[in-house]
Amino acid sequence: MHRPSDAYDRDFALHMPVGEVGALRVRPPVRISEDALLELCARNRDLRIEQDANGDLIVMSPSGSETSRRNASITAALLFWAQRDGTGVAFDSNGGFILQSGAMRAADAAWVRRERWEALTKEERAKFAHLCPDFVIELKSPSDTLDTLHEKMREWIANGARLGWLVDLDDRRVWIYDGTREPRVVEGEPRVRAESVVPGFEIDLVAIG
């Protein structure tokens with residue numbers, strides 16, 4: 001097992017500054033390996049950790065209770081749809097994926113076509129899967145900025161996601177990314193429904209919000 005650089009203590013611990021809300025960017029002296037990143041995440045389960053294409057770590061604090069409730073509702077809706085549909089598998093916000101760019105990213109909810117998932121070995125599935133989800137959902141929390149979330153959505157699409165939703169429940173807006181044009185905005189509607197990739201999947205923005 002590769003160990004991370006001396007920027008981390010021997011217990012692989014990362015600590016958000018007291019009172020820190022949102023994300024902290026950490027630039028290690030050297031890029032840490034995938035195995036070391038997996039262990040780092042395992043030893044810091046109270047944090048959400050991602051890695052960008054440059055090797056910087058993005059360390060996020062736990063979600064507030066309201067954001068967690070909303071995210072659970074969205075993930076549950078995607079899971080129930082995926083189980084009924086049967087053509088793919090759903091993932092929650094803890095599922096990390098290694099993208100073509102070399103970044104390790106996690107969406108608030110994601111879906112992958114079954115044949116792509118089953119093409120991976122058992123060992124590959126146990127780590128960060130080397131694939132980009134076909135469908136991703138990012139949920140805006142009070143600590144998020146829209147600019148940062150739009151940048152992440154563009155990253156998903158650039159790395160192979162065929163459909164992405166950026167959901168702002170407070171303003172009841174959803175930006176729909178499909179890679180063919182600028183994102184389409186659904187605003188003020190009670191629900192949003194997919195027409196492709198995950199056809200028939202929908203979330204009730206009023207009930208969740």
# chains A, B, ... in the order shown; residues from 1 in each chain; ligands from 1
call {"tool": "residues_around", "arguments": {"residues": "Gly188 of chain A", "least_positions_apart": "6", "cutoff": "9 Å", "atoms": "only C-alpha atoms", "output": "list in words"}}
result
Asp171, Arg172 and Arg173 of chain A
call {"tool": "write_last_selection", "arguments": {"atoms": "C-alpha atoms", "output": "PDB file, in the first residue's frame"}}
result
ATOM      1  CA  ASP A 171     -35.103  28.634  -5.791  1.00  0.00           C
ATOM      2  CA  ARG A 172     -36.738  25.588  -7.411  1.00  0.00           C
ATOM      3  CA  ARG A 173     -34.386  25.613 -10.367  1.00  0.00           C
TER       4      ARG A 173
END
call {"tool": "select_by_dssp", "arguments": {"residues": "segment 38-187 of chain A", "states": "strand (DSSP E or B)", "output": "number ranges by chain"}}
result
A: 48-51, 57-60, 88-91, 96-98, 104-106, 109-113, 129, 135-139, 163-168, 173-177, 184-187
call {"tool": "write_last_selection", "arguments": {"atoms": "N, CA and C atoms", "output": "tab-separated table (two decimals), in the first residue's frame"}}
result
chain	number	residue	atom	x	y	z
A	48	ARG	N	-16.02	14.39	3.29
A	48	ARG	CA	-16.14	13.96	1.89
A	48	ARG	C	-14.93	14.50	1.15
A	49	ILE	N	-14.17	13.61	0.55
A	49	ILE	CA	-12.90	13.98	-0.07
A	49	ILE	C	-12.95	13.63	-1.56
A	50	GLU	N	-12.57	14.58	-2.40
A	50	GLU	CA	-12.42	14.35	-3.82
A	50	GLU	C	-11.02	14.80	-4.24
A	51	GLN	N	-10.63	14.44	-5.44
A	51	GLN	CA	-9.33	14.84	-5.98
A	51	GLN	C	-9.54	15.38	-7.39
A	57	LEU	N	-6.56	17.93	-3.40
A	57	LEU	CA	-7.65	17.32	-2.65
A	57	LEU	C	-8.68	18.38	-2.30
A	58	ILE	N	-9.94	18.06	-2.48
A	58	ILE	CA	-11.04	18.93	-2.08
A	58	ILE	C	-11.72	18.25	-0.90
A	59	VAL	N	-11.61	18.86	0.27
A	59	VAL	CA	-12.10	18.28	1.52
A	59	VAL	C	-13.35	19.05	1.94
A	60	MET	N	-14.47	18.33	2.05
A	60	MET	CA	-15.74	18.98	2.36
A	60	MET	C	-16.26	18.51	3.70
A	88	GLY	N	-29.72	-0.30	-15.09
A	88	GLY	CA	-28.51	0.27	-14.51
A	88	GLY	C	-28.54	0.23	-13.00
A	89	VAL	N	-27.49	0.79	-12.40
A	89	VAL	CA	-27.35	0.77	-10.94
A	89	VAL	C	-27.16	2.20	-10.45
A	90	ALA	N	-27.68	2.47	-9.24
A	90	ALA	CA	-27.63	3.80	-8.66
A	90	ALA	C	-26.58	3.87	-7.55
A	91	PHE	N	-26.06	5.07	-7.32
A	91	PHE	CA	-25.03	5.29	-6.31
A	91	PHE	C	-25.39	6.53	-5.50
A	96	GLY	N	-17.21	7.20	-5.19
A	96	GLY	CA	-16.20	7.94	-5.94
A	96	GLY	C	-15.90	7.27	-7.27
A	97	PHE	N	-15.65	8.07	-8.31
A	97	PHE	CA	-15.33	7.56	-9.64
A	97	PHE	C	-14.05	8.23	-10.14
A	98	ILE	N	-13.17	7.42	-10.75
A	98	ILE	CA	-11.97	7.95	-11.38
A	98	ILE	C	-12.32	8.30	-12.82
A	104	MET	N	-10.78	12.23	-9.17
A	104	MET	CA	-11.71	11.35	-8.47
A	104	MET	C	-12.84	12.24	-7.97
A	105	ARG	N	-14.02	11.98	-8.49
A	105	ARG	CA	-15.17	12.79	-8.15
A	105	ARG	C	-16.32	11.92	-7.65
A	106	ALA	N	-17.18	12.54	-6.85
A	106	ALA	CA	-18.40	11.88	-6.37
A	106	ALA	C	-19.57	12.82	-6.59
A	109	ALA	N	-25.83	12.05	-6.36
A	109	ALA	CA	-26.48	10.80	-6.78
A	109	ALA	C	-26.02	10.51	-8.19
A	110	ALA	N	-25.90	9.24	-8.54
A	110	ALA	CA	-25.39	8.88	-9.87
A	110	ALA	C	-26.00	7.56	-10.32
A	111	TRP	N	-25.96	7.35	-11.63
A	111	TRP	CA	-26.50	6.12	-12.24
A	111	TRP	C	-25.57	5.69	-13.36
A	112	VAL	N	-25.32	4.38	-13.45
A	112	VAL	CA	-24.44	3.80	-14.46
A	112	VAL	C	-25.17	2.66	-15.15
A	113	ARG	N	-25.08	2.59	-16.48
A	113	ARG	CA	-25.68	1.48	-17.21
A	113	ARG	C	-25.12	0.16	-16.71
A	129	ALA	N	-14.33	3.21	-8.97
A	129	ALA	CA	-14.53	2.68	-10.31
A	129	ALA	C	-13.96	3.63	-11.36
A	135	PHE	N	-25.35	9.30	-15.69
A	135	PHE	CA	-26.27	10.33	-15.17
A	135	PHE	C	-25.80	10.74	-13.79
A	136	VAL	N	-25.72	12.05	-13.56
A	136	VAL	CA	-25.32	12.56	-12.25
A	136	VAL	C	-26.28	13.65	-11.79
A	137	ILE	N	-26.43	13.74	-10.48
A	137	ILE	CA	-27.20	14.82	-9.87
A	137	ILE	C	-26.33	15.50	-8.83
A	138	GLU	N	-26.26	16.83	-8.90
A	138	GLU	CA	-25.59	17.62	-7.87
A	138	GLU	C	-26.65	18.51	-7.22
A	139	LEU	N	-26.69	18.50	-5.90
A	139	LEU	CA	-27.66	19.27	-5.13
A	139	LEU	C	-26.96	20.45	-4.47
A	163	LEU	N	-25.89	12.88	-19.11
A	163	LEU	CA	-26.94	13.74	-18.58
A	163	LEU	C	-26.58	14.13	-17.16
A	164	GLY	N	-26.79	15.40	-16.84
A	164	GLY	CA	-26.54	15.86	-15.48
A	164	GLY	C	-27.57	16.88	-15.05
A	165	TRP	N	-27.99	16.80	-13.81
A	165	TRP	CA	-28.93	17.77	-13.23
A	165	TRP	C	-28.25	18.49	-12.09
A	166	LEU	N	-28.26	19.81	-12.12
A	166	LEU	CA	-27.84	20.63	-11.00
A	166	LEU	C	-29.11	21.20	-10.38
A	167	VAL	N	-29.36	20.81	-9.13
A	167	VAL	CA	-30.65	21.10	-8.48
A	167	VAL	C	-30.47	22.14	-7.39
A	168	ASP	N	-31.23	23.21	-7.50
A	168	ASP	CA	-31.29	24.25	-6.46
A	168	ASP	C	-32.72	24.27	-5.94
A	173	ARG	N	-34.98	25.57	-9.04
A	173	ARG	CA	-34.39	25.61	-10.37
A	173	ARG	C	-33.54	24.36	-10.59
A	174	VAL	N	-33.59	23.86	-11.82
A	174	VAL	CA	-32.77	22.72	-12.20
A	174	VAL	C	-32.11	23.03	-13.53
A	175	TRP	N	-30.79	22.96	-13.57
A	175	TRP	CA	-30.05	23.11	-14.82
A	175	TRP	C	-29.81	21.72	-15.39
A	176	ILE	N	-30.21	21.50	-16.62
A	176	ILE	CA	-30.10	20.20	-17.26
A	176	ILE	C	-28.96	20.24	-18.27
A	177	TYR	N	-27.94	19.45	-18.00
A	177	TYR	CA	-26.78	19.34	-18.88
A	177	TYR	C	-26.88	18.05	-19.69
A	184	ARG	N	-30.04	23.66	-20.12
A	184	ARG	CA	-31.42	24.16	-20.13
A	184	ARG	C	-31.89	24.32	-18.69
A	185	VAL	N	-32.60	25.39	-18.40
A	185	VAL	CA	-33.04	25.67	-17.03
A	185	VAL	C	-34.53	25.40	-16.91
A	186	VAL	N	-34.87	24.57	-15.93
A	186	VAL	CA	-36.27	24.37	-15.56
A	186	VAL	C	-36.50	25.16	-14.28
A	187	GLU	N	-37.43	26.11	-14.31
A	187	GLU	CA	-37.59	27.02	-13.19
A	187	GLU	C	-39.06	27.15	-12.80
call {"tool": "atom_distance", "arguments": {"atom1": "atom CA of Leu38 of chain A", "atom2": "atom CA of Lys127 of chain A"}}
result
7.1 Å
call {"tool": "select_by_dssp", "arguments": {"residues": "chain A", "states": "helix (DSSP H, G or I)", "output": "PyMOL selection string"}}
result
chain A and resi 34-42+65-85+114-118+122-126+146-158+205-208
call {"tool": "atom_distance", "arguments": {"atom1": "atom CA of Thr87 of chain A", "atom2": "atom CA of Arg114 of chain A"}}
result
5.6 Å
call {"tool": "closest_residue", "arguments": {"among": "A:Ser141, A:Thr180, A:Asn44, A:Ser63", "to": "Arg154 of chain A", "atoms": "only C-alpha atoms"}}
result
A:Thr180
